[in-house]
file data22.pdb (PDB, C-alpha atoms, pLDDT in the B column)
ATOM      1  CA  GLN A   1       0.000   0.000   0.000  1.00 64.00           C
ATOM      2  CA  GLN A   2       1.302   3.433  -0.922  1.00 72.00           C
ATOM      3  CA  LYS A   3       2.200   5.553   2.085  1.00 90.00           C
ATOM      4  CA  VAL A   4       0.673   8.694   0.566  1.00 95.00           C
ATOM      5  CA  GLN A   5      -2.628   8.307  -1.252  1.00 95.00           C
ATOM      6  CA  GLN A   6      -4.382  10.987  -3.266  1.00 97.00           C
ATOM      7  CA  SER A   7      -7.947  11.351  -4.504  1.00 97.00           C
ATOM      8  CA  PRO A   8      -9.483  11.855  -6.902  1.00 97.00           C
ATOM      9  CA  GLU A   9      -7.149  10.836  -9.733  1.00 96.00           C
ATOM     10  CA  SER A  10      -8.492  13.676 -11.826  1.00 97.00           C
ATOM     11  CA  LEU A  11     -11.104  16.398 -11.742  1.00 97.00           C
ATOM     12  CA  SER A  12     -12.487  19.042 -14.033  1.00 98.00           C
ATOM     13  CA  VAL A  13     -13.739  22.404 -12.816  1.00 98.00           C
ATOM     14  CA  PRO A  14     -15.064  25.462 -14.654  1.00 97.00           C
ATOM     15  CA  GLU A  15     -12.994  28.614 -14.689  1.00 98.00           C
ATOM     16  CA  GLY A  16     -13.794  30.591 -11.553  1.00 97.00           C
ATOM     17  CA  GLY A  17     -14.890  27.487  -9.675  1.00 97.00           C
ATOM     18  CA  MET A  18     -13.460  25.727  -6.635  1.00 98.00           C
ATOM     19  CA  ALA A  19     -11.125  22.750  -7.036  1.00 98.00           C
ATOM     20  CA  SER A  20     -10.719  20.478  -4.019  1.00 98.00           C
ATOM     21  CA  PHE A  21      -8.698  17.317  -3.623  1.00 97.00           C
ATOM     22  CA  ASN A  22      -7.339  15.136  -0.886  1.00 97.00           C
ATOM     23  CA  CYS A  23      -4.348  13.306   0.484  1.00 97.00           C
ATOM     24  CA  THR A  24      -4.156  10.648   3.186  1.00 96.00           C
ATOM     25  CA  SER A  25      -1.116   9.116   4.794  1.00 93.00           C
ATOM     26  CA  SER A  26      -0.729   5.765   6.487  1.00 87.00           C
ATOM     27  CA  ASP A  27       2.522   6.625   8.239  1.00 90.00           C
ATOM     28  CA  ARG A  28       2.271   8.460  11.571  1.00 90.00           C
ATOM     29  CA  ASN A  29       5.958   9.384  11.342  1.00 90.00           C
ATOM     30  CA  PHE A  30       5.061  11.966   8.710  1.00 91.00           C
ATOM     31  CA  GLN A  31       4.976  15.424  10.248  1.00 89.00           C
ATOM     32  CA  TYR A  32       5.446  17.747   7.287  1.00 92.00           C
ATOM     33  CA  PHE A  33       3.128  17.945   4.322  1.00 94.00           C
ATOM     34  CA  TRP A  34       3.597  19.767   1.048  1.00 96.00           C
ATOM     35  CA  TRP A  35       1.622  20.416  -2.068  1.00 97.00           C
ATOM     36  CA  TYR A  36       3.626  20.493  -5.283  1.00 97.00           C
ATOM     37  CA  ARG A  37       2.290  21.418  -8.717  1.00 97.00           C
ATOM     38  CA  GLN A  38       3.660  20.124 -12.000  1.00 94.00           C
ATOM     39  CA  HIS A  39       2.824  21.576 -15.392  1.00 94.00           C
ATOM     40  CA  SER A  40       3.400  19.436 -18.445  1.00 90.00           C
ATOM     41  CA  GLY A  41       7.082  19.223 -19.395  1.00 88.00           C
ATOM     42  CA  GLU A  42       8.277  20.821 -16.178  1.00 90.00           C
ATOM     43  CA  GLY A  43       9.446  19.665 -12.787  1.00 92.00           C
ATOM     44  CA  PRO A  44       7.268  19.882  -9.670  1.00 95.00           C
ATOM     45  CA  LYS A  45       7.130  23.271  -7.992  1.00 96.00           C
ATOM     46  CA  ALA A  46       6.309  23.724  -4.319  1.00 95.00           C
ATOM     47  CA  LEU A  47       2.964  25.449  -3.784  1.00 96.00           C
ATOM     48  CA  MET A  48       2.648  25.436  -0.052  1.00 95.00           C
ATOM     49  CA  SER A  49       3.427  23.536   3.090  1.00 94.00           C
ATOM     50  CA  ILE A  50       1.323  22.734   6.118  1.00 95.00           C
ATOM     51  CA  PHE A  51       2.676  21.398   9.382  1.00 92.00           C
ATOM     52  CA  SER A  52       0.018  22.337  11.963  1.00 93.00           C
ATOM     53  CA  ASP A  53      -3.600  21.292  12.412  1.00 95.00           C
ATOM     54  CA  GLY A  54      -6.146  23.514  10.716  1.00 95.00           C
ATOM     55  CA  ASP A  55      -6.181  25.742   7.673  1.00 96.00           C
ATOM     56  CA  LYS A  56      -3.401  27.641   5.955  1.00 97.00           C
ATOM     57  CA  LYS A  57      -4.277  30.157   3.271  1.00 97.00           C
ATOM     58  CA  GLU A  58      -1.973  31.559   0.611  1.00 95.00           C
ATOM     59  CA  GLY A  59      -3.784  33.674  -1.961  1.00 96.00           C
ATOM     60  CA  ARG A  60      -6.331  31.517  -3.782  1.00 97.00           C
ATOM     61  CA  PHE A  61      -4.954  28.332  -2.215  1.00 97.00           C
ATOM     62  CA  THR A  62      -6.058  26.899   1.125  1.00 98.00           C
ATOM     63  CA  ALA A  63      -4.568  23.769   2.665  1.00 97.00           C
ATOM     64  CA  HIS A  64      -6.121  21.889   5.548  1.00 97.00           C
ATOM     65  CA  LEU A  65      -4.410  19.369   7.824  1.00 96.00           C
ATOM     66  CA  ASN A  66      -5.946  16.989  10.326  1.00 96.00           C
ATOM     67  CA  LYS A  67      -3.018  15.349  12.097  1.00 92.00           C
ATOM     68  CA  ALA A  68      -5.179  12.871  13.970  1.00 92.00           C
ATOM     69  CA  SER A  69      -6.458  11.339  10.743  1.00 93.00           C
ATOM     70  CA  LEU A  70      -3.346  12.257   8.690  1.00 92.00           C
ATOM     71  CA  HIS A  71      -5.613  13.869   6.145  1.00 96.00           C
ATOM     72  CA  VAL A  72      -4.564  16.843   4.044  1.00 97.00           C
ATOM     73  CA  SER A  73      -6.592  18.708   1.472  1.00 98.00           C
ATOM     74  CA  LEU A  74      -6.008  21.532  -0.973  1.00 98.00           C
ATOM     75  CA  HIS A  75      -8.667  23.942  -2.195  1.00 98.00           C
ATOM     76  CA  ILE A  76      -8.187  26.314  -5.109  1.00 98.00           C
ATOM     77  CA  ARG A  77     -10.604  29.229  -5.138  1.00 98.00           C
ATOM     78  CA  ASP A  78     -11.433  31.082  -8.380  1.00 98.00           C
ATOM     79  CA  SER A  79      -9.653  28.444 -10.485  1.00 98.00           C
ATOM     80  CA  GLN A  80      -7.835  29.702 -13.571  1.00 97.00           C
ATOM     81  CA  PRO A  81      -6.842  27.812 -16.747  1.00 96.00           C
ATOM     82  CA  SER A  82      -3.214  28.205 -15.614  1.00 96.00           C
ATOM     83  CA  ASP A  83      -4.082  26.071 -12.562  1.00 97.00           C
ATOM     84  CA  SER A  84      -4.513  23.094 -14.891  1.00 97.00           C
ATOM     85  CA  ALA A  85      -1.714  20.782 -13.787  1.00 97.00           C
ATOM     86  CA  LEU A  86      -0.793  17.670 -11.819  1.00 96.00           C
ATOM     87  CA  TYR A  87      -0.905  18.280  -8.064  1.00 97.00           C
ATOM     88  CA  PHE A  88       1.227  16.134  -5.778  1.00 97.00           C
ATOM     89  CA  CYS A  89       0.914  15.688  -2.063  1.00 97.00           C
ATOM     90  CA  ALA A  90       4.277  15.004  -0.432  1.00 95.00           C
ATOM     91  CA  ALA A  91       5.155  14.107   3.145  1.00 94.00           C
ATOM     92  CA  SER A  92       8.319  13.891   5.190  1.00 91.00           C
ATOM     93  CA  THR A  93       9.397  12.923   8.668  1.00 88.00           C
ATOM     94  CA  ASN A  94      11.386  14.970  11.144  1.00 76.00           C
ATOM     95  CA  SER A  95      14.720  13.490  10.133  1.00 76.00           C
ATOM     96  CA  ALA A  96      17.426  15.463   8.398  1.00 71.00           C
ATOM     97  CA  GLY A  97      17.720  15.264   4.639  1.00 76.00           C
ATOM     98  CA  ASN A  98      14.110  16.071   3.739  1.00 82.00           C
ATOM     99  CA  LYS A  99      13.306  12.804   2.005  1.00 89.00           C
ATOM    100  CA  LEU A 100       9.868  13.382   0.480  1.00 93.00           C
ATOM    101  CA  THR A 101       7.319  10.634  -0.118  1.00 94.00           C
ATOM    102  CA  PHE A 102       5.004  11.601  -2.961  1.00 95.00           C
ATOM    103  CA  GLY A 103       1.466  10.586  -3.828  1.00 96.00           C
ATOM    104  CA  ILE A 104       0.548   9.664  -7.381  1.00 95.00           C
ATOM    105  CA  GLY A 105      -1.053  13.036  -8.013  1.00 96.00           C
ATOM    106  CA  THR A 106      -4.413  14.558  -8.879  1.00 97.00           C
ATOM    107  CA  ARG A 107      -4.762  15.921 -12.388  1.00 97.00           C
ATOM    108  CA  VAL A 108      -6.788  19.141 -12.448  1.00 98.00           C
ATOM    109  CA  LEU A 109      -8.330  20.556 -15.608  1.00 98.00           C
ATOM    110  CA  VAL A 110      -9.821  24.042 -15.459  1.00 97.00           C
ATOM    111  CA  ARG A 111     -12.264  24.538 -18.327  1.00 95.00           C
ATOM    112  CA  PRO A 112     -12.386  28.074 -19.774  1.00 91.00           C
TER
ATOM    113  CA  GLY B   1      12.919  32.256  -9.001  1.00 80.00           C
ATOM    114  CA  PRO B   2      15.801  29.870  -8.345  1.00 85.00           C
ATOM    115  CA  LYS B   3      16.245  27.275 -11.065  1.00 91.00           C
ATOM    116  CA  VAL B   4      17.684  23.799 -11.212  1.00 96.00           C
ATOM    117  CA  LEU B   5      18.970  22.905 -14.673  1.00 97.00           C
ATOM    118  CA  GLN B   6      19.095  19.352 -15.987  1.00 97.00           C
ATOM    119  CA  ILE B   7      21.046  18.213 -19.013  1.00 96.00           C
ATOM    120  CA  PRO B   8      20.080  16.520 -21.294  1.00 96.00           C
ATOM    121  CA  SER B   9      16.292  16.684 -21.380  1.00 96.00           C
ATOM    122  CA  HIS B  10      16.105  13.327 -23.133  1.00 97.00           C
ATOM    123  CA  GLN B  11      18.626  10.511 -23.426  1.00 97.00           C
ATOM    124  CA  ILE B  12      18.230   7.326 -25.442  1.00 97.00           C
ATOM    125  CA  ILE B  13      20.734   4.528 -24.883  1.00 97.00           C
ATOM    126  CA  ASP B  14      21.087   0.807 -25.404  1.00 97.00           C
ATOM    127  CA  MET B  15      20.759  -1.548 -22.449  1.00 97.00           C
ATOM    128  CA  GLY B  16      24.104  -2.223 -20.827  1.00 97.00           C
ATOM    129  CA  GLN B  17      25.609   1.131 -21.709  1.00 97.00           C
ATOM    130  CA  MET B  18      26.618   3.738 -19.165  1.00 97.00           C
ATOM    131  CA  VAL B  19      24.695   6.984 -18.831  1.00 98.00           C
ATOM    132  CA  THR B  20      25.388  10.140 -16.864  1.00 97.00           C
ATOM    133  CA  LEU B  21      22.604  12.556 -16.009  1.00 97.00           C
ATOM    134  CA  ASN B  22      23.708  16.085 -15.163  1.00 97.00           C
ATOM    135  CA  CYS B  23      22.211  18.597 -12.784  1.00 97.00           C
ATOM    136  CA  ASP B  24      23.150  22.175 -12.018  1.00 97.00           C
ATOM    137  CA  PRO B  25      21.572  22.906  -8.605  1.00 96.00           C
ATOM    138  CA  VAL B  26      20.615  26.314  -7.253  1.00 94.00           C
ATOM    139  CA  SER B  27      23.893  28.076  -6.475  1.00 91.00           C
ATOM    140  CA  ASN B  28      23.648  28.492  -2.677  1.00 90.00           C
ATOM    141  CA  HIS B  29      21.966  25.166  -2.006  1.00 93.00           C
ATOM    142  CA  LEU B  30      23.798  22.504  -0.049  1.00 92.00           C
ATOM    143  CA  TYR B  31      21.519  19.434  -0.296  1.00 94.00           C
ATOM    144  CA  PHE B  32      20.946  17.641  -3.576  1.00 95.00           C
ATOM    145  CA  TYR B  33      18.486  14.913  -4.529  1.00 97.00           C
ATOM    146  CA  TRP B  34      17.550  12.533  -7.290  1.00 98.00           C
ATOM    147  CA  TYR B  35      13.999  11.266  -7.766  1.00 97.00           C
ATOM    148  CA  LYS B  36      12.705   8.726 -10.291  1.00 97.00           C
ATOM    149  CA  GLN B  37       9.295   8.847 -11.933  1.00 94.00           C
ATOM    150  CA  ILE B  38       8.012   6.012 -14.083  1.00 93.00           C
ATOM    151  CA  LEU B  39       5.103   6.990 -16.335  1.00 88.00           C
ATOM    152  CA  GLY B  40       1.817   6.758 -14.453  1.00 84.00           C
ATOM    153  CA  GLN B  41       3.460   6.181 -11.086  1.00 88.00           C
ATOM    154  CA  GLN B  42       4.424   8.456  -8.243  1.00 90.00           C
ATOM    155  CA  MET B  43       7.788  10.132  -7.997  1.00 94.00           C
ATOM    156  CA  GLU B  44      10.126   8.113  -5.794  1.00 95.00           C
ATOM    157  CA  PHE B  45      13.144   9.168  -3.793  1.00 96.00           C
ATOM    158  CA  LEU B  46      16.453   7.723  -4.926  1.00 97.00           C
ATOM    159  CA  VAL B  47      19.173   9.500  -2.961  1.00 97.00           C
ATOM    160  CA  ASN B  48      20.190  12.662  -1.187  1.00 94.00           C
ATOM    161  CA  PHE B  49      23.682  14.122  -1.061  1.00 95.00           C
ATOM    162  CA  TYR B  50      25.374  16.619   1.214  1.00 93.00           C
ATOM    163  CA  ASN B  51      28.922  17.785   1.714  1.00 91.00           C
ATOM    164  CA  GLY B  52      30.261  15.329  -0.828  1.00 91.00           C
ATOM    165  CA  LYS B  53      28.549  12.303   0.677  1.00 93.00           C
ATOM    166  CA  VAL B  54      25.420  10.223   0.162  1.00 95.00           C
ATOM    167  CA  MET B  55      23.273  10.815   3.252  1.00 93.00           C
ATOM    168  CA  GLU B  56      20.409   8.437   2.514  1.00 93.00           C
ATOM    169  CA  LYS B  57      19.444   6.168  -0.356  1.00 94.00           C
ATOM    170  CA  SER B  58      16.373   4.100  -1.139  1.00 94.00           C
ATOM    171  CA  LYS B  59      16.160   0.502  -2.276  1.00 95.00           C
ATOM    172  CA  LEU B  60      15.692   1.850  -5.824  1.00 96.00           C
ATOM    173  CA  PHE B  61      19.268   3.151  -5.697  1.00 97.00           C
ATOM    174  CA  LYS B  62      20.858  -0.013  -7.017  1.00 96.00           C
ATOM    175  CA  ASP B  63      24.552  -0.864  -6.921  1.00 96.00           C
ATOM    176  CA  GLN B  64      24.754   0.237 -10.552  1.00 97.00           C
ATOM    177  CA  PHE B  65      23.891   3.807  -9.498  1.00 98.00           C
ATOM    178  CA  SER B  66      26.357   6.380  -8.245  1.00 97.00           C
ATOM    179  CA  VAL B  67      26.261  10.109  -7.541  1.00 97.00           C
ATOM    180  CA  GLU B  68      28.929  12.741  -7.197  1.00 95.00           C
ATOM    181  CA  ARG B  69      29.563  16.447  -7.414  1.00 94.00           C
ATOM    182  CA  PRO B  70      33.172  17.251  -8.114  1.00 86.00           C
ATOM    183  CA  ASP B  71      34.011  20.806  -7.010  1.00 78.00           C
ATOM    184  CA  GLY B  72      32.400  23.484  -9.136  1.00 71.00           C
ATOM    185  CA  SER B  73      30.745  21.063 -11.530  1.00 85.00           C
ATOM    186  CA  TYR B  74      27.456  19.267 -12.028  1.00 95.00           C
ATOM    187  CA  PHE B  75      25.760  16.993  -9.537  1.00 97.00           C
ATOM    188  CA  THR B  76      25.589  13.757 -11.520  1.00 97.00           C
ATOM    189  CA  LEU B  77      23.723  10.473 -11.474  1.00 98.00           C
ATOM    190  CA  LYS B  78      25.596   7.704 -13.233  1.00 98.00           C
ATOM    191  CA  ILE B  79      24.055   4.356 -14.117  1.00 98.00           C
ATOM    192  CA  GLN B  80      26.462   1.631 -15.198  1.00 97.00           C
ATOM    193  CA  PRO B  81      25.312  -0.667 -16.686  1.00 97.00           C
ATOM    194  CA  THR B  82      21.784   0.415 -17.557  1.00 97.00           C
ATOM    195  CA  ALA B  83      18.808  -1.944 -17.548  1.00 97.00           C
ATOM    196  CA  LEU B  84      15.414  -1.739 -19.252  1.00 97.00           C
ATOM    197  CA  GLU B  85      13.710  -0.938 -15.935  1.00 96.00           C
ATOM    198  CA  ASP B  86      15.842   2.187 -15.597  1.00 97.00           C
ATOM    199  CA  SER B  87      13.671   3.858 -18.236  1.00 97.00           C
ATOM    200  CA  ALA B  88      11.986   6.754 -16.435  1.00 97.00           C
ATOM    201  CA  VAL B  89      12.120  10.486 -15.917  1.00 97.00           C
ATOM    202  CA  TYR B  90      14.806  11.439 -13.418  1.00 98.00           C
ATOM    203  CA  PHE B  91      14.352  14.643 -11.484  1.00 97.00           C
ATOM    204  CA  CYS B  92      17.134  16.462  -9.736  1.00 98.00           C
ATOM    205  CA  ALA B  93      16.297  18.746  -6.820  1.00 97.00           C
ATOM    206  CA  SER B  94      18.144  20.935  -4.369  1.00 96.00           C
ATOM    207  CA  SER B  95      17.435  22.685  -1.080  1.00 94.00           C
ATOM    208  CA  VAL B  96      19.315  25.122   1.106  1.00 91.00           C
ATOM    209  CA  THR B  97      19.956  23.019   4.197  1.00 87.00           C
ATOM    210  CA  GLY B  98      17.951  19.794   3.892  1.00 83.00           C
ATOM    211  CA  GLY B  99      15.568  20.681   6.712  1.00 84.00           C
ATOM    212  CA  SER B 100      12.234  18.862   6.721  1.00 80.00           C
ATOM    213  CA  ASN B 101      10.338  22.154   6.693  1.00 84.00           C
ATOM    214  CA  GLU B 102      12.122  23.355   3.588  1.00 89.00           C
ATOM    215  CA  ARG B 103      10.915  23.255   0.007  1.00 92.00           C
ATOM    216  CA  LEU B 104      12.768  21.420  -2.720  1.00 95.00           C
ATOM    217  CA  PHE B 105      13.492  23.067  -6.057  1.00 96.00           C
ATOM    218  CA  PHE B 106      13.179  20.611  -8.931  1.00 97.00           C
ATOM    219  CA  GLY B 107      14.597  20.638 -12.421  1.00 97.00           C
ATOM    220  CA  HIS B 108      12.523  19.833 -15.507  1.00 96.00           C
ATOM    221  CA  GLY B 109      13.723  16.250 -15.535  1.00 97.00           C
ATOM    222  CA  THR B 110      15.733  14.023 -17.858  1.00 98.00           C
ATOM    223  CA  LYS B 111      13.746  11.383 -19.685  1.00 97.00           C
ATOM    224  CA  LEU B 112      15.877   8.261 -19.957  1.00 98.00           C
ATOM    225  CA  SER B 113      14.892   5.655 -22.520  1.00 98.00           C
ATOM    226  CA  VAL B 114      16.806   2.365 -22.320  1.00 97.00           C
ATOM    227  CA  LEU B 115      16.327   0.208 -25.411  1.00 97.00           C
TER
END
call {"tool": "encode", "arguments": {"input": "data22.pdb", "output": "structure tokens"}}
result
Amino acid sequence: QQKVQQSPESLSVPEGGMASFNCTSSDRNFQYFWWYRQHSGEGPKALMSIFSDGDKKEGRFTAHLNKASLHVSLHIRDSQPSDSALYFCAASTNSAGNKLTFGIGTRVLVRP
Amino acid sequence: GPKVLQIPSHQIIDMGQMVTLNCDPVSNHLYFYWYKQILGQQMEFLVNFYNGKVMEKSKLFKDQFSVERPDGSYFTLKIQPTALEDSAVYFCASSVTGGSNERLFFGHGTKLSVL
């Protein structure tokens, strides 16, 4: 079983709409969670991190973490066509070296 | 923003040959990484590297793999000899200090095709 699971595999939202997707971990050693975004032909780029319970907002992006259930979500408000990409959840433990464990990704399509 | 450069973007080689993938990390970063992504699967950690040494490697980092960064040059991943299952996109990344609360900066990847 993968240690970091993402759902759904893909979703389509209209421009201006809200995109929401999820990440669950099975490893309680994970303490740091990241969302990375990858556009076609590029490498992943860090969007935001969340380490504490609750919500964290950065512009149109809001991440939510529930440490008890090891559940993380990302919500994109006012989605734009440029938000169309593959979104990865990544987790790491508290050990040095920042070894990230990635999920398989959620592919988001924002329809103009 | 800071950029990690990877050369080449695509490499095609015959099974059994040696291949070297090159990475130019962000200039003030001290920790370097290689990740492997097979089409349709998640990106997986191969190795991290600090102060001239491998700090941690995964079970995917086979004996045929090696990494180095000679002074002032690229951070490289060498595979010798290559196998068919080495076909994948390899991403290089770097970070300032390797702290768990620190973001990684990734390159665009090198697609390796082993025939």
call {"tool": "atom_distance", "arguments": {"input": "data22.pdb", "atom1": "CA of Lys3 (chain A)", "atom2": "CA of Asp27 (chain A)"}}
result
6.3 Å
call {"tool": "closest_residue", "arguments": {"input": "data22.pdb", "among": "A:Asn22, A:Ser95, A:Thr106, A:Ser73", "to": "chain B", "atoms": "all atoms listed in the file"}}
result
A:Ser95
call {"tool": "resolve_selection", "arguments": {"input": "data22.pdb", "expression": "the ChimeraX specification (/A :<12) & /B", "output": "compact mmCIF listing (two decimals) with C-alpha atoms, keeping the file's coordinate frame"}}
result
# COMPACT_ATOMS: atom_id res chain seq x y z
CA GLY B 1 12.92 32.26 -9.00
CA PRO B 2 15.80 29.87 -8.35
CA LYS B 3 16.24 27.28 -11.06
CA VAL B 4 17.68 23.80 -11.21
CA LEU B 5 18.97 22.90 -14.67
CA GLN B 6 19.10 19.35 -15.99
CA SER B 9 16.29 16.68 -21.38
CA HIS B 10 16.10 13.33 -23.13
CA LEU B 30 23.80 22.50 -0.05
CA TYR B 31 21.52 19.43 -0.30
CA PHE B 32 20.95 17.64 -3.58
CA TYR B 33 18.49 14.91 -4.53
CA TRP B 34 17.55 12.53 -7.29
CA TYR B 35 14.00 11.27 -7.77
CA LYS B 36 12.70 8.73 -10.29
CA GLN B 37 9.30 8.85 -11.93
CA ILE B 38 8.01 6.01 -14.08
CA LEU B 39 5.10 6.99 -16.34
CA GLY B 40 1.82 6.76 -14.45
CA GLN B 41 3.46 6.18 -11.09
CA GLN B 42 4.42 8.46 -8.24
CA MET B 43 7.79 10.13 -8.00
CA GLU B 44 10.13 8.11 -5.79
CA PHE B 45 13.14 9.17 -3.79
CA LEU B 46 16.45 7.72 -4.93
CA VAL B 47 19.17 9.50 -2.96
CA ASN B 48 20.19 12.66 -1.19
CA PHE B 49 23.68 14.12 -1.06
CA TYR B 50 25.37 16.62 1.21
CA ASN B 51 28.92 17.78 1.71
CA LYS B 53 28.55 12.30 0.68
CA VAL B 54 25.42 10.22 0.16
CA MET B 55 23.27 10.82 3.25
CA GLU B 56 20.41 8.44 2.51
CA LYS B 57 19.44 6.17 -0.36
CA SER B 58 16.37 4.10 -1.14
CA VAL B 89 12.12 10.49 -15.92
CA TYR B 90 14.81 11.44 -13.42
CA PHE B 91 14.35 14.64 -11.48
CA CYS B 92 17.13 16.46 -9.74
CA ALA B 93 16.30 18.75 -6.82
CA SER B 94 18.14 20.94 -4.37
CA SER B 95 17.43 22.68 -1.08
CA VAL B 96 19.32 25.12 1.11
CA THR B 97 19.96 23.02 4.20
CA GLY B 98 17.95 19.79 3.89
CA GLY B 99 15.57 20.68 6.71
CA SER B 100 12.23 18.86 6.72
CA ASN B 101 10.34 22.15 6.69
CA GLU B 102 12.12 23.36 3.59
CA ARG B 103 10.92 23.26 0.01
CA LEU B 104 12.77 21.42 -2.72
CA PHE B 105 13.49 23.07 -6.06
CA PHE B 106 13.18 20.61 -8.93
CA GLY B 107 14.60 20.64 -12.42
CA HIS B 108 12.52 19.83 -15.51
CA GLY B 109 13.72 16.25 -15.54
CA THR B 110 15.73 14.02 -17.86
CA LYS B 111 13.75 11.38 -19.68
call {"tool": "resolve_selection", "arguments": {"input": "data22.pdb", "expression": "the PyMOL selection byres ((chain B and resi 67) around 6)", "output": "MDAnalysis selection string"}}
result
chainID B and resid 66 68 76:77
call {"tool": "closest_residue", "arguments": {"input": "data22.pdb", "among": "B:Gly52, B:Asp14, B:Ile7, B:Cys23", "to": "Ser87 (chain B)", "atoms": "only C-alpha atoms"}}
result
B:Asp14
call {"tool": "residues_around", "arguments": {"input": "data22.pdb", "residues": "Pro14 (chain A)", "least_positions_apart": "6", "cutoff": "10 Å", "atoms": "all atoms listed in the file", "output": "list in words"}}
result
Asp78, Ser79, Gln80, Pro81, Leu109, Val110, Arg111 and Pro112 of chain A
call {"tool": "write_last_selection", "arguments": {"input": "data22.pdb", "atoms": "C-alpha atoms", "output": "PDB file, in the coordinates of the input"}}
result
ATOM      1  CA  ASP A  78     -11.433  31.082  -8.380  1.00 98.00           C
ATOM      2  CA  SER A  79      -9.653  28.444 -10.485  1.00 98.00           C
ATOM      3  CA  GLN A  80      -7.835  29.702 -13.571  1.00 97.00           C
ATOM      4  CA  PRO A  81      -6.842  27.812 -16.747  1.00 96.00           C
ATOM      5  CA  LEU A 109      -8.330  20.556 -15.608  1.00 98.00           C
ATOM      6  CA  VAL A 110      -9.821  24.042 -15.459  1.00 97.00           C
ATOM      7  CA  ARG A 111     -12.264  24.538 -18.327  1.00 95.00           C
ATOM      8  CA  PRO A 112     -12.386  28.074 -19.774  1.00 91.00           C
TER       9      PRO A 112
END
call {"tool": "atom_distance", "arguments": {"input": "data22.pdb", "atom1": "CA of Gln6 (chain A)", "atom2": "CA of Ser82 (chain A)"}}
result
21.2 Å
call {"tool": "closest_residue", "arguments": {"input": "data22.pdb", "among": "B:Asn28, B:Gln17, B:Pro70, B:Asp63", "to": "Leu84 (chain B)", "atoms": "only C-alpha atoms"}}
result
B:Gln17
call {"tool": "atom_distance", "arguments": {"input": "data22.pdb", "atom1": "CA of Lys57 (chain A)", "atom2": "CA of Ser10 (chain A)"}}
result
22.7 Å
call {"tool": "resolve_selection", "arguments": {"input": "data22.pdb", "expression": "the PyMOL selection byres ((chain A and resi 67) around 10)", "output": "number ranges by chain"}}
result
A: 25, 28, 30-31, 51-54, 64-66, 68-72
call {"tool": "closest_residue", "arguments": {"input": "data22.pdb", "among": "A:Glu58, A:Asn29, A:Val108, A:Ser7", "to": "Leu86 (chain A)", "atoms": "only C-alpha atoms"}}
result
A:Val108
